[in-house]
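Single-structure report; data block below.
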Amino acid sequence: MFVEWLMGLPAGHVTGVPGLSRTAQLKALGNGVVPQQAAAALLALLGRADQGEDAA
């Protein structure tokens, strides 16, 4: 639950899945994307696209 909280996910988003072991939960969270970080990255890319710059 702590990792969910750190990532800004709602309580039970991963830990509330029935039958998912703690190891599988941590693996899923470790391979997941922090939603706020993804949103910031997309906004940055959109800003570059609006300016006509290469995103690469």
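Chain labels run A, B, ... following the order of the structure tokens; each chain numbers its residues from 1, and ligands are numbered from 1 in the order shown.
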
Handout entry: Non-local contacts of Phe2 of chain A (12 Å; only C-alpha atoms; under 2 positions in same chain excluded) as a PyMOL selection string
Key = chain A and resi 4-15+25-26+29

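Between atom CA of Leu42 of chain A and atom CA of Lys27 of chain A lies a distance of 24.6 Å.
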
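One distance worth recording is that between atom CA of Val3 of chain A and atom CA of Val34 of chain A, which is 10.5 Å.
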
Exercise for the section: Could you give me, as an NGL selection string, each residue of chain A that DSSP assigns to helix (DSSP H, G or I) when run on this structure's backbone? Expected result: :A and (2-7 or 22-30 or 35-50)

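Counting from atom CA of Gly16 of chain A, the distance to atom CA of Gly30 of chain A is 16.2 Å.
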